[in-house]
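The next block holds one structure in the form of structure tokens; read it before the comments.
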Amino acid sequence: MTRFFFSVLLLPFLGFSQDAHDFDSAFLMGQKEDVISAKHGLLPQVEIAFLQMQRAAKKDSIELKNVSSYRSYAVQKRIWNRKFERFTNEGLSPEKAIQKIIEYSTLPGTSRHHWGTDIDIIDAQPSVEGDVLLEEHFLGNGPYVKLGLWLKKNAATYGFELVYTKDRSRKGFFYEPWHYTYSALSTEFLSSFIEENLIEKIAKDSTLLGSSYLTESFLNHYLEENIKGISIQLKE
Ligand SMILES: [Zn+2]
């Protein structure tokens with residue numbers, strides 16, 4: 001089923017003719033923007049599923065809003081460099097600054113937001129001041145409690161799974177109740193990223209701040225804990 005799915009539905013969008021698992025490394029690392037829908041920042045297949053889920057949520061009075069989907073390598077690098085500058089200006093050592101960045105943000109080239117499969121979702125109805133992507137909004141009487149429960153119950157019906165779950169055995173990025181992935185595609189992209197050993201290409205960019213601290217052992221650790229530190233629902 002998977003092979004059929006990729007060859008018929010996905011490969012024409014991605015423009016690949018070779019083995020279905022042989023995804024282009026530029027695509028996997030956020031350097032091939034043309035395959036993503038400009039309007040929603042999602043692959044066409046994912047956009048269809050998201051719009052279906054959005055219609056279903058609306059019937060339950062929840063307005064699913066996609067606040068972040070596709071993010072290019074260049075955008076992720078700006079996020080990284082901005083945080084690196086801020087944390088080192090606040091007095092953290094480069095090593096500590098990097099540890100703090102990777103609580104929530106990825107190294108450019110390794111973001112799941114590079115694939116057009118992952119979305120940060122909020123409810124557009126409650127008005128929330130300031131940063132909308134905070135765990136506290138999903139807790140207690142927070143504005144997104146209803147959204148969180150709805151997604152937990154219904155997202156899988158539309159092919160979406162929470163990635164960074166609240167699970168003590170999971171390492172890497174902190175709990176992100178807003179970050180969902182279209183798992184049929186992203187599972188394949190992650191396997192390809194790992195099989196093609198793309199982690200070795202990270203840190204070769206001299207304009208990435210702190211890149212000299214991204215040693216081989218750091219990157220291997222980051223691969224095991226951060227990139228692979230995802231929901232058990234997404235493990236093959
Ligand atoms: Zn996200």
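All residue names refer to the structure tokens as shown: chains lettered A, B, ... in order, residues numbered from 1 in each chain, ligands numbered from 1 in order.
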
Report task. Would you kindly return, as number ranges by chain, each protein, DNA or RNA residue with an atom no farther than 10 Å from any atom of A:Ile101, considering only C-alpha atoms and excluding same-chain residues fewer than 2 positions away? Result -> A: 79-84, 87, 96-99, 103-107, 173

Writer output for current selection, C-alpha atoms, as a short mmCIF file (atom, residue, chain, number, x, y, z; two decimals), in the first residue's frame:
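So part.cif came out as:
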data_model
loop_
_atom_site.label_atom_id
_atom_site.label_comp_id
_atom_site.auth_asym_id
_atom_site.auth_seq_id
_atom_site.Cartn_x
_atom_site.Cartn_y
_atom_site.Cartn_z
CA ILE A 79 15.19 31.44 14.33
CA TRP A 80 18.28 29.54 15.48
CA ASN A 81 20.68 32.48 15.04
CA ARG A 82 18.32 34.91 16.79
CA LYS A 83 18.00 32.63 19.81
CA PHE A 84 21.73 31.91 19.87
CA PHE A 87 20.97 33.55 24.93
CA LYS A 96 24.38 26.19 27.25
CA ALA A 97 22.76 28.46 24.66
CA ILE A 98 22.52 25.53 22.24
CA GLN A 99 20.99 23.31 24.94
CA GLU A 103 14.29 22.68 24.20
CA TYR A 104 11.80 23.85 21.53
CA SER A 105 13.68 24.72 18.33
CA THR A 106 15.48 22.50 15.89
CA LEU A 107 18.75 22.83 14.08
CA PHE A 173 12.10 18.46 22.60
#

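Considering only C-alpha atoms and all ligand atoms, the residues that reside within 6 Å of ligand 1 can be listed as Ile119, Asp120 and His179 of chain A.
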
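Interatomic distance, atom CA of A:Asp60 to atom CA of A:Thr157: 15.1 Å.
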
Report task. Write out as a PyMOL selection string which residues come within 10 Å of A:Thr110 when counting only C-alpha atoms, dropping same-chain ones fewer than 2 positions away. Result -> chain A and resi 28-30+73+76+105-108+112-115+190+193+198-199+202+222-223+226-227

Store the residues picked out above, limited to N, CA and C atoms, as an mmCIF file, in the first residue's frame.
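Saved the output as again_6.cif:
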data_model
loop_
_atom_site.group_PDB
_atom_site.id
_atom_site.type_symbol
_atom_site.label_atom_id
_atom_site.label_comp_id
_atom_site.auth_asym_id
_atom_site.auth_seq_id
_atom_site.Cartn_x
_atom_site.Cartn_y
_atom_site.Cartn_z
ATOM 1 N N LEU A 28 14.218 17.136 2.054
ATOM 2 C CA LEU A 28 14.148 16.718 3.464
ATOM 3 C C LEU A 28 14.738 17.769 4.391
ATOM 4 N N MET A 29 15.660 18.588 3.875
ATOM 5 C CA MET A 29 16.319 19.586 4.711
ATOM 6 C C MET A 29 15.775 21.002 4.505
ATOM 7 N N GLY A 30 14.608 21.109 3.873
ATOM 8 C CA GLY A 30 13.949 22.411 3.779
ATOM 9 C C GLY A 30 14.494 23.341 2.721
ATOM 10 N N TYR A 73 14.708 26.037 5.338
ATOM 11 C CA TYR A 73 16.010 26.009 6.023
ATOM 12 C C TYR A 73 16.402 27.436 6.431
ATOM 13 N N GLN A 76 14.403 28.689 9.382
ATOM 14 C CA GLN A 76 14.800 27.999 10.611
ATOM 15 C C GLN A 76 16.170 28.492 11.084
ATOM 16 N N SER A 105 13.357 24.432 19.735
ATOM 17 C CA SER A 105 13.676 24.718 18.329
ATOM 18 C C SER A 105 14.712 23.748 17.787
ATOM 19 N N THR A 106 14.577 23.475 16.500
ATOM 20 C CA THR A 106 15.481 22.500 15.885
ATOM 21 C C THR A 106 16.667 23.183 15.195
ATOM 22 N N LEU A 107 17.663 22.387 14.953
ATOM 23 C CA LEU A 107 18.747 22.827 14.084
ATOM 24 C C LEU A 107 18.186 22.950 12.676
ATOM 25 N N PRO A 108 18.541 24.029 11.954
ATOM 26 C CA PRO A 108 18.073 24.118 10.570
ATOM 27 C C PRO A 108 18.547 22.891 9.782
ATOM 28 N N ARG A 112 10.996 19.138 11.365
ATOM 29 C CA ARG A 112 9.870 18.443 10.727
ATOM 30 C C ARG A 112 9.023 19.451 9.959
ATOM 31 N N HIS A 113 9.150 20.736 10.277
ATOM 32 C CA HIS A 113 8.428 21.772 9.533
ATOM 33 C C HIS A 113 9.018 21.965 8.129
ATOM 34 N N HIS A 114 10.121 21.307 7.809
ATOM 35 C CA HIS A 114 10.672 21.395 6.448
ATOM 36 C C HIS A 114 9.874 20.543 5.455
ATOM 37 N N TRP A 115 9.002 19.663 5.968
ATOM 38 C CA TRP A 115 8.422 18.638 5.087
ATOM 39 C C TRP A 115 7.023 18.935 4.548
ATOM 40 N N LEU A 190 11.068 10.804 7.710
ATOM 41 C CA LEU A 190 12.023 10.631 8.812
ATOM 42 C C LEU A 190 12.934 9.428 8.550
ATOM 43 N N PHE A 193 15.479 10.463 6.101
ATOM 44 C CA PHE A 193 16.460 11.366 6.706
ATOM 45 C C PHE A 193 17.516 10.555 7.459
ATOM 46 N N LEU A 198 21.580 12.199 6.899
ATOM 47 C CA LEU A 198 21.647 13.636 6.618
ATOM 48 C C LEU A 198 22.160 14.445 7.804
ATOM 49 N N ILE A 199 22.130 13.850 8.983
ATOM 50 C CA ILE A 199 22.640 14.560 10.161
ATOM 51 C C ILE A 199 24.098 14.992 9.943
ATOM 52 N N ILE A 202 24.567 18.575 8.674
ATOM 53 C CA ILE A 202 24.260 19.705 9.542
ATOM 54 C C ILE A 202 25.593 20.227 10.093
ATOM 55 N N TYR A 222 21.892 14.353 19.467
ATOM 56 C CA TYR A 222 20.714 15.113 19.008
ATOM 57 C C TYR A 222 19.816 14.236 18.112
ATOM 58 N N LEU A 223 20.456 13.432 17.272
ATOM 59 C CA LEU A 223 19.686 12.522 16.410
ATOM 60 C C LEU A 223 18.892 11.525 17.257
ATOM 61 N N ASN A 226 16.578 13.979 20.118
ATOM 62 C CA ASN A 226 15.658 14.997 19.611
ATOM 63 C C ASN A 226 14.910 14.542 18.363
ATOM 64 N N ILE A 227 15.673 14.152 17.342
ATOM 65 C CA ILE A 227 14.998 13.790 16.093
ATOM 66 C C ILE A 227 14.170 12.514 16.274
#

**Report entry** stretch 17-162 of chain A: residues DSSP assigns to helix (DSSP H, G or I), reported as a PyMOL selection string
**Finding:** chain A and resi 25-28+33-35+44-59+73-89+94-101+112-114+135-138+145-158

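You will find atom CA of A:Lys58 at 19.8 Å from atom CA of A:Thr181.
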
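Closest approach to A:Phe138 among A:Leu209, A:Leu162, A:Val67, A:Ile122 is made by A:Ile122 (distances from only C-alpha atoms).
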
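In this structure, atom CA of A:Leu64 sits 12.3 Å away from atom CA of A:Asn154.
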
Report task. Can you work out which one of A:Lys65, A:Lys59, A:Arg78, A:Lys39 has the shortest atom-to-atom distance to A:Gly116, counting only C-alpha atoms? Result -> A:Lys39

Query raised in the report: Within 9 Å of A:Ser37, counting only C-alpha atoms, which residues qualify if same-chain residues fewer than 5 places away don't, as a PyMOL selection string?
Result: chain A and resi 42-44+47+70+116
